[in-house]
Amino acid sequence: MLKRILSILFLTLTFVYAVTNYSLRGVISDASTGEDLIGAAISVDESSSGTFTNSYGFYSLTLPEGEHQVTFSFMGYTSIKTEIDLSKNSIINMELISSVIALNEVTVTADRPDNNVSSTQMSVAKLDIKAIEIMPVLFGESDILKTIQLLPGISSASEGSTGFSVRGGANDENLILLDEATVYSPSHLMGFISVFNSDALNDVTVYKGGIPAYYGGRASSVIDVSMNNGNNKKFSGRAGIGLISSRLTLEGPIIKDKCSFIISGRRSYADIILKALPLDMITNDTQLYFYDLNAKLNFKLNDDNRVFFSGYFGEDVFGFKDIMGTSWGNTTFTGRWNHIFGNKLFSNLSVIYSKYDYGFKLSDQISMSSGIDNYTVKEDLTYFPNPNNTVKMGLNASRYKFNPGRLITGTDSSDFRLIMDEQYSLESGAYISNKHQITPLLGAEYGLRFSMYDQLGPGWIYSYDDDNVKTDSTWYDDWETAQYYWNLEPRISFNYRLTGQNSIKASYNRMAQYLHMLSNSTSGQATDVWISSSTLVKPLIVDQFALGYFHNFDDNNIETSIEVYYKDMQNVSDFEDGTNIMFNDKIESQILNGKGRSYGLELYIKKKFGKLTGWFSYTLARTEHQIENINDGDWYPAKYDRSHDLSIVMNYKITDRLTVSGTWVYYTGNAVTFPSGQYIIEDQVIPYYTERNGYRMPDYHRMDLNFHLDGKEHKRNYTTAWDFSIYNVYNRYNAYSIYFRESETTPGDMEAVQLALFGIVPSITFNLNF
């Protein structure tokens, strides 16, 4: 008997090891532009084997020796099925041709048809750049940050703002990346327009939960934005003229199929228009504009090596030249080298620079500045051992310099100077994760991130007593560690498919955040100040649990999902009453730490194909903090707490050339602190405040419309389009803020005054593609 068992085992092992496996790898791209297709599917017909391209269009698949029917597909493109005789490790680069599903239909997705059911990821959204372009928004400017606010779990900070809160997180808890570089202040025009020019973008992915281990540094969400690489087939361009700005994008090959470029610029022209008007108060010194510039170079050295250089430069300028004014802006640079080791190991080495600065000046007499910048080096590896596993691992290190503020009056060294100490820090991390298809029905993605943070010299580190009086100071030399933190951040997501049309998902992730933004607003403003974790300011730690049910109908045309989540927060911070964040050298001692919790339910229904497309989203949520010395130590609503948030988005293709899009949003007001009473001292009415965030702003609702008209076909190689938008169609004056003042009619009484920013705002945009 034993002999028979050993014989069977020997034959089995002989058969297993006799099977020879080879690797099939390559890059999938757009046939007309050469642009990488991120998330394209590669499937093998005779088995359940398959994989997807990464963020550089690369794939690797291990298959047994022999003939295979392999299908390459991507939503919105014609699939290609080809027979491959795999007798050695092979490279197959595939170019897919863009297809129109039907002349009278539109699509609002960039994923595979059943991705929301089949993927292990949950709480993730992928935006279609083309769909964003026809969405109605304020001033007619296509805006990815305003579009994501229409998704469940993501709330706008205020009227018309690009600021947002994700599942109860503060504005600074969102990691916003542009080609891997951090964008610290993602808005123009005091927060009403984002810095992202849609013409320069290729891909936008939003993570609300189940965040993979290769992301770190923020506690609530990741907005990962990728720029276009540039058309490596032919020269092309896009241009647009809108209500407040114009834009121009040029791209093309430097060496066809080897090297390409893209450069995209945008500038507002309020100052140009005002100077052209017969107004005596507008002089040639008037500066009232914003601009941004995206640029990228893409070099394909060979099948195993590729190099990218990309950058963003943007600024807002308001004032009078050489007299007075204020400006702020972002600068980013990313250099990347892709290298393929063998056939299964993909490497990406990145060198990154990010900067944000804010400044104000009054002639040569007064100047003020603040900001933050960082240098980052990171190495990311992706290993494809077999079709059921994709392993990612990496290292990164970032050095930060914080400028809390400088105020200088006059030009002489004896004049008044208030210079806050600059701060330095080093954040580093290592991670490993695996995307594992355990069985045909059960998949998982699990990983671990180890993060470290050092507050560094040179600089003074201060200690304070309970009365905010400095009690001690210590000098630390350059690169000397003043304070050290570390955290283990586990991440895991599961997906169990009940049938081909539905699945259950669950996820858990821990996130550690070591950088903090000091702000007196919910939406984020130019004057916000970034500071480092320190002895007094602890890192924010968030543990998030999520559970969801996902179901598709009508051959994956209709997606539905319901998710519930719970977030436990450690070291949430808030200010002592009356704290001033500008030029406050005691600010760290006036930041109070406590705990928080956020929980909610999200509903999502999306129709992807046909004449009528769009989605419905609803969020029911609660976010609370408990901090000693605030609200008598009781739980109180966070200022971005919002109970109900509903969005309806619809696109209807009326004819081949005309599409109408509409949105309707409703949400309950944010929590706010109002005076509960008043008292009089020497005939002055003084408001009396009790509980923190104990009142609510009025409920908000608004409807927007956009009519997109494609121009007639031209014999010459160009196309045109018009967009006619109406923001706030029924002209509702929603409350932007409420303040209190002494009544003019009944002195001694306080009255509430509501400020509204926008009524109905029409706009028109002309677009040209050539």
# chains A, B, ... in the order shown; residues from 1 in each chain; ligands from 1
>>> residues_around(residues="A:Glu489", least_positions_apart="4", cutoff="7 Å", atoms="only C-alpha atoms", output="ChimeraX atom specification")
/A:448-450,510-511
>>> residues_around(residues="A:Gln149", least_positions_apart="5", cutoff="10 Å", atoms="only C-alpha atoms", output="ChimeraX atom specification")
/A:144,154-157,161-166,645,647,665
>>> residues_around(residues="A:Tyr549", least_positions_apart="2", cutoff="6 Å", atoms="only C-alpha atoms", output="list in words")
Ile504, Ser561 and Ile562 of chain A
>>> write_last_selection(atoms="N, CA, C and O atoms", output="PDB file, in the first residue's frame")
ATOM      1  N   ILE A 504     -19.337  40.244  -1.980  1.00  0.00           N
ATOM      2  CA  ILE A 504     -19.215  40.882  -0.675  1.00  0.00           C
ATOM      3  C   ILE A 504     -17.748  41.231  -0.463  1.00  0.00           C
ATOM      4  O   ILE A 504     -16.861  40.415  -0.739  1.00  0.00           O
ATOM      5  N   SER A 561     -24.051  49.458  -5.200  1.00  0.00           N
ATOM      6  CA  SER A 561     -23.243  49.070  -4.042  1.00  0.00           C
ATOM      7  C   SER A 561     -23.775  49.750  -2.800  1.00  0.00           C
ATOM      8  O   SER A 561     -24.379  50.827  -2.860  1.00  0.00           O
ATOM      9  N   ILE A 562     -23.552  49.103  -1.678  1.00  0.00           N
ATOM     10  CA  ILE A 562     -23.836  49.679  -0.373  1.00  0.00           C
ATOM     11  C   ILE A 562     -22.640  49.362   0.521  1.00  0.00           C
ATOM     12  O   ILE A 562     -22.203  48.218   0.597  1.00  0.00           O
TER      13      ILE A 562
END
>>> residues_around(residues="A:Pro490", least_positions_apart="4", cutoff="12 Å", atoms="only C-alpha atoms", output="PyMOL selection string")
chain A and resi 210-216+430-433+445-451+507-512+542-545
>>> residues_around(residues="stretch 526-531 of chain A", least_positions_apart="5", cutoff="6 Å", atoms="only C-alpha atoms", output="number ranges by chain")
A: 516-519
>>> residues_around(residues="A:Gly34", least_positions_apart="3", cutoff="7 Å", atoms="only C-alpha atoms", output="MDAnalysis selection string")
chainID A and resid 29:31 231:233
>>> select_by_dssp(residues="stretch 24-259 of chain A", states="alpha helix (DSSP H)", output="number ranges by chain")
A: 115-118, 129-132, 144-148
>>> residues_around(residues="A:Leu418", least_positions_apart="4", cutoff="9 Å", atoms="only C-alpha atoms", output="PDB file with N, CA and C atoms, in the first residue's frame")
ATOM      1  N   GLY A 405       6.402  81.018   8.985  1.00  0.00           N
ATOM      2  CA  GLY A 405       6.070  82.408   8.690  1.00  0.00           C
ATOM      3  C   GLY A 405       7.226  83.360   8.929  1.00  0.00           C
ATOM      4  N   ARG A 406       7.316  84.361   8.048  1.00  0.00           N
ATOM      5  CA  ARG A 406       8.302  85.445   8.184  1.00  0.00           C
ATOM      6  C   ARG A 406       7.583  86.762   7.940  1.00  0.00           C
ATOM      7  N   LEU A 407       7.734  87.703   8.847  1.00  0.00           N
ATOM      8  CA  LEU A 407       7.167  89.039   8.684  1.00  0.00           C
ATOM      9  C   LEU A 407       8.298  90.042   8.871  1.00  0.00           C
ATOM     10  N   ILE A 408       8.559  90.819   7.829  1.00  0.00           N
ATOM     11  CA  ILE A 408       9.672  91.766   7.841  1.00  0.00           C
ATOM     12  C   ILE A 408       9.140  93.129   7.421  1.00  0.00           C
ATOM     13  N   THR A 409       9.469  94.163   8.183  1.00  0.00           N
ATOM     14  CA  THR A 409       9.092  95.529   7.834  1.00  0.00           C
ATOM     15  C   THR A 409      10.356  96.331   7.566  1.00  0.00           C
ATOM     16  N   PHE A 583       1.744  83.619  12.806  1.00  0.00           N
ATOM     17  CA  PHE A 583       2.858  84.176  13.581  1.00  0.00           C
ATOM     18  C   PHE A 583       2.667  83.955  15.079  1.00  0.00           C
TER      19      PHE A 583
END
>>> atom_distance(atom1="atom CA of A:Thr668", atom2="atom CA of A:Asn731")
18.5 Å
>>> closest_residue(among="A:Ala721, A:Ile263, A:Leu63, A:Leu201", to="A:Ser87", atoms="only C-alpha atoms")
A:Leu63
>>> atom_distance(atom1="atom CA of A:His188", atom2="atom CA of A:Phe290")
6.7 Å
>>> closest_residue(among="A:Leu145, A:Ile764, A:Leu151, A:Leu362", to="A:Ser194", atoms="only C-alpha atoms")
A:Leu145
>>> closest_residue(among="A:Glu713, A:Glu95, A:Glu180, A:Asp373", to="A:Ile28", atoms="only C-alpha atoms")
A:Glu95
>>> closest_residue(among="A:Asn502, A:Ser350, A:Asn54, A:Ser260", to="A:Thr390", atoms="only C-alpha atoms")
A:Asn54
>>> closest_residue(among="A:Ile176, A:Val117, A:Ala239, A:Ile591", to="A:Leu498", atoms="only C-alpha atoms")
A:Val117
>>> select_by_dssp(residues="stretch 168-364 of chain A", states="strand (DSSP E)", output="VMD selection string")
chain A and resid 174 to 178 181 to 182 187 to 188 193 to 194 201 to 207 221 to 227 236 to 241 245 to 255 259 to 268 286 to 302 305 to 320 324 to 341 345 to 362
>>> decode(residues="stretch 477-492 of chain A", atoms="all heavy atoms", output="short mmCIF file (atom, residue, chain, number, x, y, z; two decimals), in the first residue's frame")
data_model
loop_
_atom_site.label_atom_id
_atom_site.label_comp_id
_atom_site.auth_asym_id
_atom_site.auth_seq_id
_atom_site.Cartn_x
_atom_site.Cartn_y
_atom_site.Cartn_z
N ASP A 477 21.37 70.15 16.17
CA ASP A 477 22.17 70.40 14.99
C ASP A 477 21.52 69.81 13.75
O ASP A 477 20.53 69.06 13.83
CB ASP A 477 23.58 69.82 15.16
CG ASP A 477 24.38 70.54 16.22
OD1 ASP A 477 24.18 71.77 16.37
OD2 ASP A 477 25.17 69.88 16.92
N ASP A 478 22.09 70.14 12.60
CA ASP A 478 21.57 69.66 11.32
C ASP A 478 21.51 68.13 11.30
O ASP A 478 22.47 67.45 11.63
CB ASP A 478 22.48 70.17 10.19
CG ASP A 478 21.81 70.04 8.84
OD1 ASP A 478 20.61 69.75 8.80
OD2 ASP A 478 22.51 70.23 7.83
N TRP A 479 20.32 67.59 10.95
CA TRP A 479 20.03 66.17 10.85
C TRP A 479 20.00 65.46 12.21
O TRP A 479 19.85 64.24 12.27
CB TRP A 479 21.02 65.45 9.93
CG TRP A 479 20.83 65.79 8.49
CD1 TRP A 479 21.50 66.74 7.78
CD2 TRP A 479 19.89 65.22 7.57
NE1 TRP A 479 21.04 66.79 6.48
CE2 TRP A 479 20.05 65.86 6.32
CE3 TRP A 479 18.92 64.22 7.70
CZ2 TRP A 479 19.29 65.54 5.21
CZ3 TRP A 479 18.17 63.89 6.58
CH2 TRP A 479 18.35 64.55 5.36
N GLU A 480 20.12 66.18 13.31
CA GLU A 480 20.01 65.55 14.62
C GLU A 480 18.53 65.37 14.96
O GLU A 480 17.72 66.27 14.80
CB GLU A 480 20.69 66.42 15.68
CG GLU A 480 20.72 65.76 17.06
CD GLU A 480 21.43 66.62 18.09
OE1 GLU A 480 21.87 67.73 17.74
OE2 GLU A 480 21.53 66.18 19.25
N THR A 481 18.19 64.17 15.46
CA THR A 481 16.79 63.85 15.74
C THR A 481 16.34 64.48 17.06
O THR A 481 16.96 64.24 18.10
CB THR A 481 16.58 62.33 15.80
OG1 THR A 481 16.89 61.76 14.53
CG2 THR A 481 15.14 61.99 16.17
N ALA A 482 15.26 65.27 16.98
CA ALA A 482 14.69 65.86 18.18
C ALA A 482 13.51 65.06 18.71
O ALA A 482 13.26 65.01 19.91
CB ALA A 482 14.24 67.29 17.88
N GLN A 483 12.75 64.44 17.81
CA GLN A 483 11.60 63.62 18.20
C GLN A 483 11.44 62.53 17.15
O GLN A 483 11.59 62.77 15.95
CB GLN A 483 10.33 64.47 18.28
CG GLN A 483 9.08 63.70 18.69
CD GLN A 483 9.17 63.15 20.09
OE1 GLN A 483 9.59 63.85 21.00
NE2 GLN A 483 8.78 61.90 20.28
N TYR A 484 11.12 61.31 17.60
CA TYR A 484 11.05 60.16 16.69
C TYR A 484 9.74 59.42 16.91
O TYR A 484 9.32 59.19 18.04
CB TYR A 484 12.24 59.23 16.95
CG TYR A 484 12.18 57.92 16.18
CD1 TYR A 484 12.41 57.89 14.81
CD2 TYR A 484 11.88 56.72 16.84
CE1 TYR A 484 12.36 56.70 14.11
CE2 TYR A 484 11.82 55.53 16.14
CZ TYR A 484 12.06 55.52 14.78
OH TYR A 484 12.00 54.34 14.08
N TYR A 485 9.08 59.09 15.80
CA TYR A 485 7.87 58.27 15.84
C TYR A 485 7.98 57.14 14.82
O TYR A 485 8.66 57.29 13.78
CB TYR A 485 6.63 59.11 15.49
CG TYR A 485 6.26 60.16 16.50
CD1 TYR A 485 6.58 61.50 16.28
CD2 TYR A 485 5.56 59.83 17.65
CE1 TYR A 485 6.23 62.48 17.20
CE2 TYR A 485 5.21 60.81 18.58
CZ TYR A 485 5.54 62.12 18.34
OH TYR A 485 5.19 63.08 19.24
N TRP A 486 7.31 56.04 15.08
CA TRP A 486 7.19 54.98 14.09
C TRP A 486 5.83 54.30 14.26
O TRP A 486 5.24 54.31 15.33
CB TRP A 486 8.33 53.96 14.20
CG TRP A 486 8.34 53.18 15.50
CD1 TRP A 486 8.98 53.51 16.64
CD2 TRP A 486 7.66 51.94 15.76
NE1 TRP A 486 8.75 52.57 17.62
CE2 TRP A 486 7.94 51.59 17.10
CE3 TRP A 486 6.84 51.10 15.01
CZ2 TRP A 486 7.44 50.43 17.70
CZ3 TRP A 486 6.33 49.94 15.60
CH2 TRP A 486 6.64 49.63 16.93
N ASN A 487 5.35 53.71 13.16
CA ASN A 487 4.06 53.02 13.19
C ASN A 487 4.05 51.86 12.21
O ASN A 487 4.65 51.95 11.12
CB ASN A 487 2.92 53.99 12.83
CG ASN A 487 2.50 54.86 13.99
OD1 ASN A 487 1.81 54.41 14.89
ND2 ASN A 487 2.95 56.11 13.97
N LEU A 488 3.40 50.80 12.60
CA LEU A 488 3.08 49.70 11.70
C LEU A 488 1.67 49.92 11.18
O LEU A 488 0.74 50.15 11.96
CB LEU A 488 3.17 48.36 12.41
CG LEU A 488 4.58 47.86 12.77
CD1 LEU A 488 4.49 46.58 13.60
CD2 LEU A 488 5.39 47.61 11.51
N GLU A 489 1.51 49.84 9.85
CA GLU A 489 0.23 50.14 9.23
C GLU A 489 -0.24 48.96 8.39
O GLU A 489 0.07 48.85 7.20
CB GLU A 489 0.36 51.38 8.35
CG GLU A 489 0.90 52.61 9.07
CD GLU A 489 1.14 53.77 8.15
OE1 GLU A 489 0.34 53.97 7.21
OE2 GLU A 489 2.14 54.49 8.35
N PRO A 490 -0.99 48.03 8.98
CA PRO A 490 -1.51 46.89 8.21
C PRO A 490 -2.64 47.31 7.28
O PRO A 490 -3.42 48.20 7.60
CB PRO A 490 -1.99 45.92 9.29
CG PRO A 490 -2.28 46.79 10.47
CD PRO A 490 -1.32 47.94 10.41
N ARG A 491 -2.72 46.65 6.13
CA ARG A 491 -3.79 46.90 5.15
C ARG A 491 -4.28 45.55 4.63
O ARG A 491 -3.47 44.68 4.30
CB ARG A 491 -3.28 47.73 3.96
CG ARG A 491 -2.31 48.87 4.31
CD ARG A 491 -3.00 50.07 4.87
NE ARG A 491 -2.06 51.10 5.28
CZ ARG A 491 -1.52 52.00 4.47
NH1 ARG A 491 -1.84 52.02 3.19
NH2 ARG A 491 -0.69 52.92 4.95
N ILE A 492 -5.58 45.39 4.53
CA ILE A 492 -6.12 44.14 4.00
C ILE A 492 -7.50 44.37 3.41
O ILE A 492 -8.30 45.15 3.95
CB ILE A 492 -6.17 43.04 5.08
CG1 ILE A 492 -6.58 41.70 4.48
CG2 ILE A 492 -7.09 43.43 6.24
CD1 ILE A 492 -6.32 40.52 5.39
#
